[in-house]
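**Q** Below is the file entry32.cif, with mmCIF, C-alpha atoms.
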```cif
data_entry
loop_
_atom_site.label_atom_id
_atom_site.label_comp_id
_atom_site.auth_asym_id
_atom_site.auth_seq_id
_atom_site.Cartn_x
_atom_site.Cartn_y
_atom_site.Cartn_z
CA MET A 1 101.50 95.98 63.62
CA LYS A 2 100.24 96.34 67.19
CA ILE A 3 103.13 94.96 69.26
CA SER A 4 106.80 94.30 68.51
CA VAL A 5 108.55 91.92 70.89
CA ILE A 6 112.29 92.61 70.99
CA ILE A 7 114.63 90.12 72.64
CA VAL A 8 118.36 90.71 73.03
CA ALA A 9 120.10 87.38 73.56
CA TYR A 10 123.62 86.51 74.66
CA LYS A 11 124.63 82.86 74.85
CA SER A 12 121.00 82.08 75.70
CA GLY A 13 120.64 78.84 73.74
CA ASP A 14 117.78 76.57 74.83
CA ILE A 15 116.38 79.20 77.19
CA LEU A 16 115.75 81.53 74.25
CA VAL A 17 113.99 78.72 72.37
CA LYS A 18 111.71 78.13 75.40
CA CYS A 19 110.97 81.85 75.50
CA LEU A 20 110.00 81.90 71.83
CA ASP A 21 107.94 78.73 72.20
CA SER A 22 105.95 80.35 75.00
CA ILE A 23 105.37 83.51 72.95
CA ALA A 24 104.10 81.43 70.03
CA LYS A 25 101.87 79.41 72.36
CA TYR A 26 100.27 82.43 74.04
CA ASN A 27 100.13 84.84 71.12
CA ASP A 28 96.56 86.12 71.43
CA ILE A 29 96.81 88.86 68.76
CA GLU A 30 98.14 86.57 66.00
CA ASP A 31 99.54 88.49 62.98
CA GLU A 32 99.50 91.77 64.92
CA LEU A 33 102.54 90.52 66.87
CA GLU A 34 106.07 90.43 65.53
CA VAL A 35 109.15 89.04 67.29
CA ILE A 36 112.67 90.34 66.70
CA VAL A 37 115.67 88.51 68.15
CA VAL A 38 118.97 90.39 68.31
CA ASP A 39 121.64 87.80 69.03
CA ASN A 40 124.76 89.30 70.61
CA SER A 41 126.37 85.88 71.08
CA PRO A 42 129.75 84.92 69.59
CA GLU A 43 129.28 83.51 66.08
CA ASP A 44 129.85 79.90 67.11
CA GLU A 45 127.19 80.14 69.86
CA ARG A 46 124.35 81.68 67.89
CA ILE A 47 121.18 79.66 67.37
CA GLU A 48 120.08 80.99 64.00
CA ARG A 49 119.94 77.48 62.49
CA ASP A 50 117.54 76.29 65.19
CA LEU A 51 115.24 79.25 64.57
CA VAL A 52 115.27 78.80 60.78
CA LYS A 53 113.94 75.25 61.27
CA SER A 54 111.18 76.48 63.58
CA GLN A 55 107.55 77.27 62.81
CA TYR A 56 107.52 80.73 64.43
CA LYS A 57 105.46 83.33 62.60
CA ASN A 58 106.43 86.97 62.05
CA TYR A 59 109.89 86.74 63.55
CA ARG A 60 113.21 88.18 62.45
CA TYR A 61 116.68 87.18 63.57
CA ILE A 62 119.58 89.65 63.66
CA PRO A 63 123.12 88.44 64.43
CA SER A 64 125.00 91.32 66.02
CA ASP A 65 128.19 92.36 67.71
CA ASN A 66 127.75 92.63 71.46
CA ARG A 67 127.46 96.37 72.11
CA GLY A 68 125.27 95.93 75.18
CA PHE A 69 121.64 95.53 76.18
CA GLY A 70 120.48 99.00 75.19
CA ALA A 71 122.26 99.06 71.83
CA GLY A 72 120.88 95.64 70.96
CA ASN A 73 117.33 96.71 71.79
CA ASN A 74 117.71 99.91 69.78
CA GLN A 75 118.85 97.82 66.83
CA GLY A 76 115.68 95.76 67.11
CA VAL A 77 113.52 98.88 67.39
CA ASP A 78 115.00 100.27 64.17
CA ILE A 79 113.49 97.43 62.11
CA SER A 80 110.29 97.01 64.13
CA THR A 81 106.84 98.25 63.13
CA GLY A 82 104.73 97.86 66.28
CA GLU A 83 102.98 100.75 68.03
CA ILE A 84 103.91 99.17 71.36
CA LEU A 85 107.43 97.87 72.02
CA ALA A 86 107.73 94.83 74.29
CA PHE A 87 111.30 94.42 75.54
CA LEU A 88 111.62 90.90 76.96
CA ASN A 89 114.64 89.08 78.32
CA PRO A 90 115.42 85.71 76.70
CA ASP A 91 114.78 84.03 80.07
CA ILE A 92 111.13 85.13 80.15
CA ILE A 93 108.59 82.31 79.87
CA LEU A 94 104.95 83.20 79.25
CA ILE A 95 102.40 81.15 81.20
CA GLU A 96 99.25 82.77 79.82
CA PRO A 97 98.14 85.18 77.06
CA ILE A 98 99.25 88.76 77.76
CA PHE A 99 99.47 90.71 74.52
CA LYS A 100 95.80 91.55 74.16
CA LYS A 101 95.78 92.87 77.74
CA VAL A 102 98.85 94.99 77.02
CA TRP A 103 97.37 96.42 73.83
CA GLU A 104 94.03 97.25 75.44
CA LYS A 105 95.74 98.90 78.42
CA PHE A 106 97.72 101.25 76.18
CA GLN A 107 94.67 102.00 74.04
CA LYS A 108 92.56 102.85 77.08
CA GLU A 109 95.17 105.01 78.86
CA LYS A 110 96.67 107.45 76.37
CA ASP A 111 99.05 108.92 78.96
CA LEU A 112 100.53 105.48 79.72
CA MET A 113 104.13 105.44 78.45
CA LEU A 114 105.75 102.43 80.13
CA MET A 115 104.41 99.34 81.89
CA GLY A 116 105.84 96.22 83.48
CA GLY A 117 104.18 92.99 84.51
CA LYS A 118 104.53 90.65 87.47
CA LEU A 119 107.64 88.48 87.29
CA LEU A 120 107.50 85.05 88.92
CA PHE A 121 110.07 82.43 89.82
CA GLU A 122 109.73 78.95 88.32
CA ASP A 123 107.64 77.83 91.30
CA LEU A 124 105.29 80.76 90.52
CA LYS A 125 106.22 82.62 93.70
CA PRO A 126 106.69 86.40 93.30
CA GLY A 127 110.03 87.41 91.86
CA PHE A 128 111.50 90.90 91.48
CA SER A 129 109.29 93.00 89.22
CA PHE A 130 110.59 96.40 90.38
CA TYR A 131 113.49 97.87 92.33
CA PHE A 132 114.26 100.93 94.41
CA ASP A 133 116.05 103.71 92.57
CA TYR A 134 119.54 105.01 93.29
CA LYS A 135 119.60 106.10 96.94
CA PRO A 136 121.49 103.54 99.09
CA SER A 137 119.58 102.01 101.99
CA ILE A 138 119.92 98.73 103.90
CA ILE A 139 116.23 98.85 104.77
CA LYS A 140 115.32 99.15 101.09
CA LYS A 141 117.65 96.28 100.18
CA TRP A 142 116.22 93.94 102.78
CA SER A 143 112.59 94.92 102.31
CA LEU A 144 112.54 94.74 98.50
CA LYS A 145 111.35 91.13 98.40
CA LEU A 146 108.41 91.98 100.67
CA TRP A 147 107.42 95.00 98.56
CA ASN A 148 107.38 92.77 95.47
CA ARG A 149 105.47 90.02 97.24
CA LYS A 150 102.77 92.52 98.23
CA ASP A 151 102.76 94.27 94.81
CA ARG A 152 103.60 97.55 96.55
CA TYR A 153 105.10 99.48 93.66
CA ASP A 154 106.04 103.07 94.51
CA GLU A 155 106.28 104.99 91.22
CA LYS A 156 108.20 107.90 92.76
CA ASN A 157 110.98 105.80 94.30
CA MET A 158 111.08 102.63 92.20
CA TYR A 159 111.58 101.54 88.63
CA ILE A 160 110.20 98.62 86.62
CA ALA A 161 112.58 95.68 86.06
CA GLY A 162 114.04 95.55 82.56
CA ALA A 163 113.17 91.89 82.02
CA ASP A 164 109.74 92.96 80.72
CA LEU A 165 109.14 96.52 79.59
CA PHE A 166 106.17 97.55 77.46
CA VAL A 167 106.72 101.02 76.03
CA ARG A 168 104.77 103.28 73.70
CA ARG A 169 106.89 103.50 70.56
CA ASP A 170 106.48 107.23 69.85
CA ALA A 171 107.46 108.19 73.39
CA PHE A 172 110.42 105.79 73.40
CA CYS A 173 111.82 107.29 70.21
CA GLU A 174 111.14 110.87 71.32
CA ALA A 175 112.99 110.18 74.58
CA GLY A 176 116.05 109.09 72.58
CA LYS A 177 115.69 105.30 72.90
CA PHE A 178 118.06 103.44 75.26
CA ASP A 179 121.29 105.24 76.15
CA GLU A 180 123.95 103.17 74.37
CA ASN A 181 126.65 104.44 76.73
CA ILE A 182 125.11 102.04 79.27
CA PHE A 183 126.26 98.53 78.43
CA MET A 184 124.11 96.77 81.02
CA TYR A 185 122.13 97.78 84.17
CA TYR A 186 120.44 101.13 84.95
CA GLU A 187 118.82 101.28 81.49
CA GLU A 188 115.34 101.21 83.07
CA PRO A 189 115.58 104.17 85.50
CA ASP A 190 117.48 106.14 82.87
CA LEU A 191 114.73 105.58 80.28
CA ILE A 192 112.00 106.42 82.80
CA ARG A 193 113.70 109.73 83.68
CA ARG A 194 113.85 110.69 80.01
CA LEU A 195 110.25 109.63 79.33
CA ARG A 196 109.16 111.98 82.12
CA LYS A 197 111.04 114.81 80.44
CA VAL A 198 109.07 114.14 77.27
CA GLN A 199 105.77 114.15 79.20
CA LYS A 200 105.99 115.23 82.83
CA ASP A 201 102.71 113.62 83.93
CA CYS A 202 103.12 110.39 81.95
CA LYS A 203 102.11 107.13 83.59
CA ILE A 204 104.71 104.50 84.51
CA VAL A 205 102.69 101.48 85.62
CA TYR A 206 103.24 98.14 87.30
CA GLU A 207 100.46 95.73 86.28
CA PRO A 208 100.37 92.55 88.44
CA GLY A 209 97.60 91.12 86.24
CA ILE A 210 100.16 90.54 83.48
CA ARG A 211 102.21 87.59 84.73
CA MET A 212 105.19 85.65 83.39
CA ILE A 213 108.09 83.55 84.67
CA HIS A 214 111.54 85.09 84.83
CA LEU A 215 114.34 82.51 84.98
CA GLU A 216 116.49 85.16 86.64
CA LYS A 217 120.24 84.97 85.89
CA LYS A 218 119.87 81.67 83.98
CA SER A 219 120.43 83.26 80.58
CA THR A 220 123.41 85.32 81.81
CA PRO A 221 124.75 83.90 85.11
CA MET A 222 126.30 86.48 87.43
CA SER A 223 130.03 86.92 86.85
CA MET A 224 132.69 89.39 87.89
CA ASN A 225 132.40 90.89 84.42
CA MET A 226 128.70 91.57 84.99
CA ILE A 227 129.39 93.09 88.39
CA GLY A 228 131.90 95.33 86.64
CA HIS A 229 129.26 96.41 84.13
CA GLU A 230 126.88 97.16 87.00
CA MET A 231 129.41 99.32 88.82
CA ASP A 232 130.42 101.15 85.61
CA SER A 233 126.76 101.86 84.82
CA CYS A 234 126.18 102.97 88.41
CA ILE A 235 128.94 105.56 88.08
CA TYR A 236 127.80 106.72 84.62
CA TYR A 237 124.16 107.03 85.71
CA GLY A 238 125.17 108.91 88.85
CA LYS A 239 127.29 111.40 86.91
CA LYS A 240 124.57 111.85 84.28
CA TYR A 241 121.95 112.90 86.85
CA GLY A 242 124.15 114.56 89.45
CA LEU A 243 123.79 111.77 92.01
CA ASP A 244 126.34 110.79 94.65
CA TYR A 245 127.83 107.80 92.85
CA LYS A 246 130.80 107.62 95.24
CA LYS A 247 128.43 107.06 98.16
CA LYS A 248 126.50 104.50 96.13
CA ILE A 249 129.59 102.46 95.20
CA ARG A 250 130.86 102.51 98.78
CA PHE A 251 127.43 101.38 99.98
CA GLU A 252 127.40 98.41 97.58
CA TYR A 253 130.90 97.47 98.72
CA ARG A 254 129.92 97.57 102.39
CA TYR A 255 126.70 95.68 101.65
CA TYR A 256 128.66 92.78 100.15
CA LYS A 257 130.86 92.80 103.27
CA LEU A 258 127.75 92.61 105.45
CA LYS A 259 126.41 89.71 103.40
CA ARG A 260 129.73 87.92 103.75
CA MET A 261 129.56 88.28 107.52
CA VAL A 262 125.99 86.93 107.62
CA TYR A 263 126.87 83.96 105.40
CA LYS A 264 129.89 83.18 107.57
CA VAL A 265 127.72 83.11 110.69
CA LEU A 266 125.28 80.81 108.89
CA LYS A 267 128.19 78.73 107.55
CA ASN A 268 126.85 79.24 104.06
CA GLN A 269 129.12 78.56 101.08
CA LYS A 270 128.05 81.89 99.56
CA ALA A 271 130.49 83.58 101.97
CA GLU A 272 133.37 82.64 99.68
CA ARG A 273 131.57 84.10 96.70
CA MET A 274 131.02 87.35 98.60
CA ASN A 275 134.71 87.37 99.41
CA GLU A 276 135.58 87.13 95.70
CA ILE A 277 133.22 90.02 94.87
CA ILE A 278 134.64 92.18 97.67
CA GLN A 279 138.16 91.57 96.44
CA TYR A 280 137.13 92.44 92.88
CA LEU A 281 135.45 95.68 93.96
CA ASN A 282 138.36 96.62 96.15
CA GLU A 283 140.83 96.14 93.32
CA ASN A 284 138.80 97.83 90.60
CA TYR A 285 136.55 100.47 92.18
CA ILE A 286 137.31 101.43 95.77
CA LYS A 287 140.88 102.46 94.94
CA ILE A 288 139.64 104.45 91.93
CA LEU A 289 137.10 106.35 94.02
CA ARG A 290 139.78 107.37 96.48
CA LYS A 291 141.50 109.34 93.70
CA TYR A 292 138.52 111.71 93.25
#
```
For the file at hand, write its structure as structure tokens.
**A**
Amino acid sequence: MKISVIIVAYKSGDILVKCLDSIAKYNDIEDELEVIVVDNSPEDERIERDLVKSQYKNYRYIPSDNRGFGAGNNQGVDISTGEILAFLNPDIILIEPIFKKVWEKFQKEKDLMLMGGKLLFEDLKPGFSFYFDYKPSIIKKWSLKLWNRKDRYDEKNMYIAGADLFVRRDAFCEAGKFDENIFMYYEEPDLIRRLRKVQKDCKIVYEPGIRMIHLEKKSTPMSMNMIGHEMDSCIYYGKKYGLDYKKKIRFEYRYYKLKRMVYKVLKNQKAERMNEIIQYLNENYIKILRKY
């Protein structure tokens, strides 16, 4: 098998079906592609019956307890057979064939370990295909959209978004797979750091010629619980690599306060949402950090 697509779903429903439909439509390597769905949804919200009725080829469905994004992907990897692992979010919609391009890229560049494509919004405008790594910066926050729009990926200071990761299987396994202590968020920069330990001069590539739609946050809408996972992962990742996680958490807290102020000036309803997030962070994280 050339490529194994692994999708970890959580209450994704119709969006997951659209994702699978698009993969079937634009599968340009036919039987050399397999699709593995790991469904972390509660039992009464799984869509196994819908998939059983479908005409998808070479797919497997695994109902699973929700142990997080990384653990779910690792579970899919364990039963996969592809030389290249394609980790896709359930809210990814293909708009053109990509798998042959991916395969040929990895065959041509033997030092290529991880690659991400260009993520688009539904209107086909540039989305967020990569992000700045850990160091807090207002300039980086506000300029990120422009960097993505111009395809200005900086390998030393950025990481590929986890919505679409294409990884060489051998390197992924040698690096230890995804860290299952991370429930959600920061899996990508953590994996990239460990891949570089396996091979110091390995290539981590952003390829804008591989395009797909990302229905960002539609499969898992932002909630306080998700913000909690992000902050927990931020602290864990910071401790793991000796980074100043206290400074990072305080920066995120102050950034939400700045956004609230801006929304208030603009009389935007999002100001109330920012207020809820600030209160949540203040209750659950700022007080904790003061104890260190």
**Q** To one decimal place, how far is atom CA of A:Tyr131 from atom CA of A:Glu188 in Å?
**A** 10.0 Å
**Q** How would you write, as a PyMOL selection string, the residues chosen by the PyMOL selection byres ((chain A and resi 6) around 12) on this structure?
**A** chain A and resi 3-5+7-9+19-20+23+33-39+59-62+69-82+84-90+92+163-167
**Q** If the box runs along x, y and z of the file and leaves 8 Å on each side of stretch 264-270 of chain A, what are its centre and edge lengths in Å, one decimal, as JSON?
**A**
```
{"center_x": 127.6, "center_y": 80.9, "center_z": 105.1, "size_x": 20.6, "size_y": 20.6, "size_z": 27.1}
```
**Q** Work out how far apart atom CA of A:Tyr186 and atom CA of A:Asn268 are and give it in Å to one decimal.
**A**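 One can read the atom CA of A:Tyr186 to atom CA of A:Asn268 distance as 29.8 Å.
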**Q** If the PyMOL selection byres ((chain A and resi 237-252) around 8) is run on the structure shown, which residues does it catch, given as an NGL selection string?
**A** :A and (134-136 or 186 or 190 or 231 or 233-236 or 253-256 or 285-286 or 289)
**Q** Rank A:Cys202, A:Ile138, A:Met274, A:Leu94 by their smallest atom-to-atom distance to A:Ala171, using only C-alpha atoms, and report the top residue only.
**A** A:Cys202
**Q** Translate the PyMOL selection byres ((chain A and resi 224) around 12), as applied to the file shown, into an explicit residue set as a list in words.
**A** Thr220, Pro221, Met222, Ser223, Asn225, Met226, Ile227, Gly228, His229, Glu230, Met231, Arg273, Met274, Asn275, Glu276, Ile277, Ile278, Gln279, Tyr280, Leu281, Glu283 and Asn284 of chain A
**Q** Compile the contact shell of stretch 210-214 of chain A as a PyMOL selection string: residues with an atom at most 8 Å away, counting only C-alpha atoms, same-chain residues fewer than 4 positions apart removed.
**A** chain A and resi 91-96+98+101-102+117-122+124+127+163
**Q** For those residues, write C-alpha atoms to a file as a PDB file, in the coordinates of the input.
**A**
```
ATOM      1  CA  ASP A  91     114.780  84.030  80.070  1.00  0.00           C
ATOM      2  CA  ILE A  92     111.130  85.130  80.150  1.00  0.00           C
ATOM      3  CA  ILE A  93     108.590  82.310  79.870  1.00  0.00           C
ATOM      4  CA  LEU A  94     104.950  83.200  79.250  1.00  0.00           C
ATOM      5  CA  ILE A  95     102.400  81.150  81.200  1.00  0.00           C
ATOM      6  CA  GLU A  96      99.250  82.770  79.820  1.00  0.00           C
ATOM      7  CA  ILE A  98      99.250  88.760  77.760  1.00  0.00           C
ATOM      8  CA  LYS A 101      95.780  92.870  77.740  1.00  0.00           C
ATOM      9  CA  VAL A 102      98.850  94.990  77.020  1.00  0.00           C
ATOM     10  CA  GLY A 117     104.180  92.990  84.510  1.00  0.00           C
ATOM     11  CA  LYS A 118     104.530  90.650  87.470  1.00  0.00           C
ATOM     12  CA  LEU A 119     107.640  88.480  87.290  1.00  0.00           C
ATOM     13  CA  LEU A 120     107.500  85.050  88.920  1.00  0.00           C
ATOM     14  CA  PHE A 121     110.070  82.430  89.820  1.00  0.00           C
ATOM     15  CA  GLU A 122     109.730  78.950  88.320  1.00  0.00           C
ATOM     16  CA  LEU A 124     105.290  80.760  90.520  1.00  0.00           C
ATOM     17  CA  GLY A 127     110.030  87.410  91.860  1.00  0.00           C
ATOM     18  CA  ALA A 163     113.170  91.890  82.020  1.00  0.00           C
TER      19      ALA A 163
END
```
**Q** From the options A:Asp201, A:Asp65, A:Asp232, A:Asp123, which residue's atoms come nearest to A:Phe183, counting only C-alpha atoms?
**A**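 Among the listed residues, the smallest separation from A:Phe183 belongs to A:Asp232.
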**Q** Mind giving me the straight-line distance from atom CA of A:Asn58 to atom CA of A:Tyr26 in Å, one decimal?
**A**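 It comes out at 14.2 Å.
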**Q** Could you give me, as number ranges by chain, the residues within 12 Å of A:Ser143, counting only C-alpha atoms and dropping anything in the same chain fewer than 5 positions from it?
**A** A: 128, 131-132, 137-138, 148-150, 152
**Q** Compare A:Arg46, A:Lys267, A:Lys140, A:Lys257 by their minimum atom-to-atom distance to A:Ser12, counting all atoms listed in the file, and give me the closest one.
**A** A:Arg46
**Q** Looking at A:Gln107, A:Ser129, A:Ser41, A:Asn66, which one is nearest to A:Glu207, with distances taken over all atoms listed in the file?
**A**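 Checking each candidate against A:Glu207, we get A:Ser129 as the closest.
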**Q** Which residue, A:Leu114, A:Val262, A:Ala24, A:Met1, has the smallest gap to A:Ile192 when you use all atoms listed in the file?
**A**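 When distances to A:Ile192 are compared using all atoms listed in the file, the smallest one comes from A:Leu114.
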**Q** Between A:Met184, A:Leu195, A:Val205, A:Cys173, which has the minimum distance to A:Asp151 (counting only C-alpha atoms)?
**A** A:Val205
**Q** Write stretch 83-94 of chain A as a PDB file, in the coordinates of the input, completed to all heavy atoms.
**A**
```pdb
ATOM      1  N   GLU A  83     103.282  99.522  67.285  1.00  0.00           N
ATOM      2  CA  GLU A  83     102.980 100.750  68.030  1.00  0.00           C
ATOM      3  C   GLU A  83     103.449 100.647  69.478  1.00  0.00           C
ATOM      4  O   GLU A  83     103.804 101.644  70.105  1.00  0.00           O
ATOM      5  CB  GLU A  83     101.475 101.019  68.004  1.00  0.00           C
ATOM      6  CG  GLU A  83     100.928 101.395  66.635  1.00  0.00           C
ATOM      7  CD  GLU A  83      99.447 101.693  66.688  1.00  0.00           C
ATOM      8  OE1 GLU A  83      99.008 102.375  67.640  1.00  0.00           O
ATOM      9  OE2 GLU A  83      98.715 101.242  65.801  1.00  0.00           O
ATOM     10  N   ILE A  84     103.423  99.424  70.008  1.00  0.00           N
ATOM     11  CA  ILE A  84     103.910  99.170  71.360  1.00  0.00           C
ATOM     12  C   ILE A  84     105.143  98.284  71.264  1.00  0.00           C
ATOM     13  O   ILE A  84     105.148  97.275  70.547  1.00  0.00           O
ATOM     14  CB  ILE A  84     102.829  98.471  72.227  1.00  0.00           C
ATOM     15  CG1 ILE A  84     101.541  99.285  72.244  1.00  0.00           C
ATOM     16  CG2 ILE A  84     103.357  98.238  73.646  1.00  0.00           C
ATOM     17  CD1 ILE A  84     101.684 100.699  72.764  1.00  0.00           C
ATOM     18  N   LEU A  85     106.198  98.647  71.994  1.00  0.00           N
ATOM     19  CA  LEU A  85     107.430  97.870  72.020  1.00  0.00           C
ATOM     20  C   LEU A  85     107.461  97.033  73.296  1.00  0.00           C
ATOM     21  O   LEU A  85     107.281  97.572  74.387  1.00  0.00           O
ATOM     22  CB  LEU A  85     108.640  98.797  71.979  1.00  0.00           C
ATOM     23  CG  LEU A  85     108.693  99.759  70.783  1.00  0.00           C
ATOM     24  CD1 LEU A  85     109.805 100.784  70.978  1.00  0.00           C
ATOM     25  CD2 LEU A  85     108.897  98.990  69.488  1.00  0.00           C
ATOM     26  N   ALA A  86     107.659  95.738  73.142  1.00  0.00           N
ATOM     27  CA  ALA A  86     107.730  94.830  74.290  1.00  0.00           C
ATOM     28  C   ALA A  86     109.164  94.316  74.388  1.00  0.00           C
ATOM     29  O   ALA A  86     109.580  93.449  73.619  1.00  0.00           O
ATOM     30  CB  ALA A  86     106.752  93.677  74.127  1.00  0.00           C
ATOM     31  N   PHE A  87     109.923  94.861  75.337  1.00  0.00           N
ATOM     32  CA  PHE A  87     111.300  94.420  75.540  1.00  0.00           C
ATOM     33  C   PHE A  87     111.294  93.268  76.551  1.00  0.00           C
ATOM     34  O   PHE A  87     110.988  93.470  77.733  1.00  0.00           O
ATOM     35  CB  PHE A  87     112.160  95.572  76.057  1.00  0.00           C
ATOM     36  CG  PHE A  87     112.230  96.743  75.118  1.00  0.00           C
ATOM     37  CD1 PHE A  87     111.517  97.908  75.367  1.00  0.00           C
ATOM     38  CD2 PHE A  87     113.005  96.679  73.970  1.00  0.00           C
ATOM     39  CE1 PHE A  87     111.571  98.989  74.497  1.00  0.00           C
ATOM     40  CE2 PHE A  87     113.064  97.759  73.082  1.00  0.00           C
ATOM     41  CZ  PHE A  87     112.350  98.911  73.350  1.00  0.00           C
ATOM     42  N   LEU A  88     111.615  92.070  76.093  1.00  0.00           N
ATOM     43  CA  LEU A  88     111.620  90.900  76.960  1.00  0.00           C
ATOM     44  C   LEU A  88     113.004  90.277  77.010  1.00  0.00           C
ATOM     45  O   LEU A  88     113.695  90.196  75.986  1.00  0.00           O
ATOM     46  CB  LEU A  88     110.619  89.841  76.461  1.00  0.00           C
ATOM     47  CG  LEU A  88     109.144  90.229  76.363  1.00  0.00           C
ATOM     48  CD1 LEU A  88     108.320  89.024  75.909  1.00  0.00           C
ATOM     49  CD2 LEU A  88     108.618  90.752  77.695  1.00  0.00           C
ATOM     50  N   ASN A  89     113.407  89.837  78.192  1.00  0.00           N
ATOM     51  CA  ASN A  89     114.640  89.080  78.320  1.00  0.00           C
ATOM     52  C   ASN A  89     114.462  87.692  77.712  1.00  0.00           C
ATOM     53  O   ASN A  89     113.352  87.162  77.697  1.00  0.00           O
ATOM     54  CB  ASN A  89     115.026  88.942  79.791  1.00  0.00           C
ATOM     55  CG  ASN A  89     115.769  90.149  80.323  1.00  0.00           C
ATOM     56  OD1 ASN A  89     115.837  91.194  79.663  1.00  0.00           O
ATOM     57  ND2 ASN A  89     116.329  90.035  81.518  1.00  0.00           N
ATOM     58  N   PRO A  90     115.534  87.061  77.260  1.00  0.00           N
ATOM     59  CA  PRO A  90     115.420  85.710  76.700  1.00  0.00           C
ATOM     60  C   PRO A  90     115.055  84.651  77.729  1.00  0.00           C
ATOM     61  O   PRO A  90     114.677  83.537  77.359  1.00  0.00           O
ATOM     62  CB  PRO A  90     116.807  85.455  76.109  1.00  0.00           C
ATOM     63  CG  PRO A  90     117.711  86.382  76.849  1.00  0.00           C
ATOM     64  CD  PRO A  90     116.899  87.594  77.153  1.00  0.00           C
ATOM     65  N   ASP A  91     115.152  84.991  79.019  1.00  0.00           N
ATOM     66  CA  ASP A  91     114.780  84.030  80.070  1.00  0.00           C
ATOM     67  C   ASP A  91     113.386  84.291  80.616  1.00  0.00           C
ATOM     68  O   ASP A  91     113.054  83.877  81.731  1.00  0.00           O
ATOM     69  CB  ASP A  91     115.809  84.015  81.200  1.00  0.00           C
ATOM     70  CG  ASP A  91     116.072  85.397  81.798  1.00  0.00           C
ATOM     71  OD1 ASP A  91     115.424  86.371  81.356  1.00  0.00           O
ATOM     72  OD2 ASP A  91     116.920  85.497  82.702  1.00  0.00           O
ATOM     73  N   ILE A  92     112.550  84.951  79.819  1.00  0.00           N
ATOM     74  CA  ILE A  92     111.130  85.130  80.150  1.00  0.00           C
ATOM     75  C   ILE A  92     110.332  83.973  79.541  1.00  0.00           C
ATOM     76  O   ILE A  92     110.511  83.641  78.361  1.00  0.00           O
ATOM     77  CB  ILE A  92     110.590  86.469  79.604  1.00  0.00           C
ATOM     78  CG1 ILE A  92     111.153  87.645  80.399  1.00  0.00           C
ATOM     79  CG2 ILE A  92     109.067  86.484  79.612  1.00  0.00           C
ATOM     80  CD1 ILE A  92     110.628  87.756  81.816  1.00  0.00           C
ATOM     81  N   ILE A  93     109.468  83.379  80.332  1.00  0.00           N
ATOM     82  CA  ILE A  93     108.590  82.310  79.870  1.00  0.00           C
ATOM     83  C   ILE A  93     107.149  82.721  80.127  1.00  0.00           C
ATOM     84  O   ILE A  93     106.756  82.918  81.287  1.00  0.00           O
ATOM     85  CB  ILE A  93     108.875  80.966  80.580  1.00  0.00           C
ATOM     86  CG1 ILE A  93     110.354  80.592  80.488  1.00  0.00           C
ATOM     87  CG2 ILE A  93     107.989  79.860  80.004  1.00  0.00           C
ATOM     88  CD1 ILE A  93     110.846  80.311  79.094  1.00  0.00           C
ATOM     89  N   LEU A  94     106.363  82.873  79.071  1.00  0.00           N
ATOM     90  CA  LEU A  94     104.950  83.200  79.250  1.00  0.00           C
ATOM     91  C   LEU A  94     104.189  81.983  79.761  1.00  0.00           C
ATOM     92  O   LEU A  94     104.466  80.855  79.357  1.00  0.00           O
ATOM     93  CB  LEU A  94     104.334  83.678  77.941  1.00  0.00           C
ATOM     94  CG  LEU A  94     104.943  84.916  77.283  1.00  0.00           C
ATOM     95  CD1 LEU A  94     104.045  85.395  76.140  1.00  0.00           C
ATOM     96  CD2 LEU A  94     105.179  86.031  78.276  1.00  0.00           C
TER      97      LEU A  94
END
```
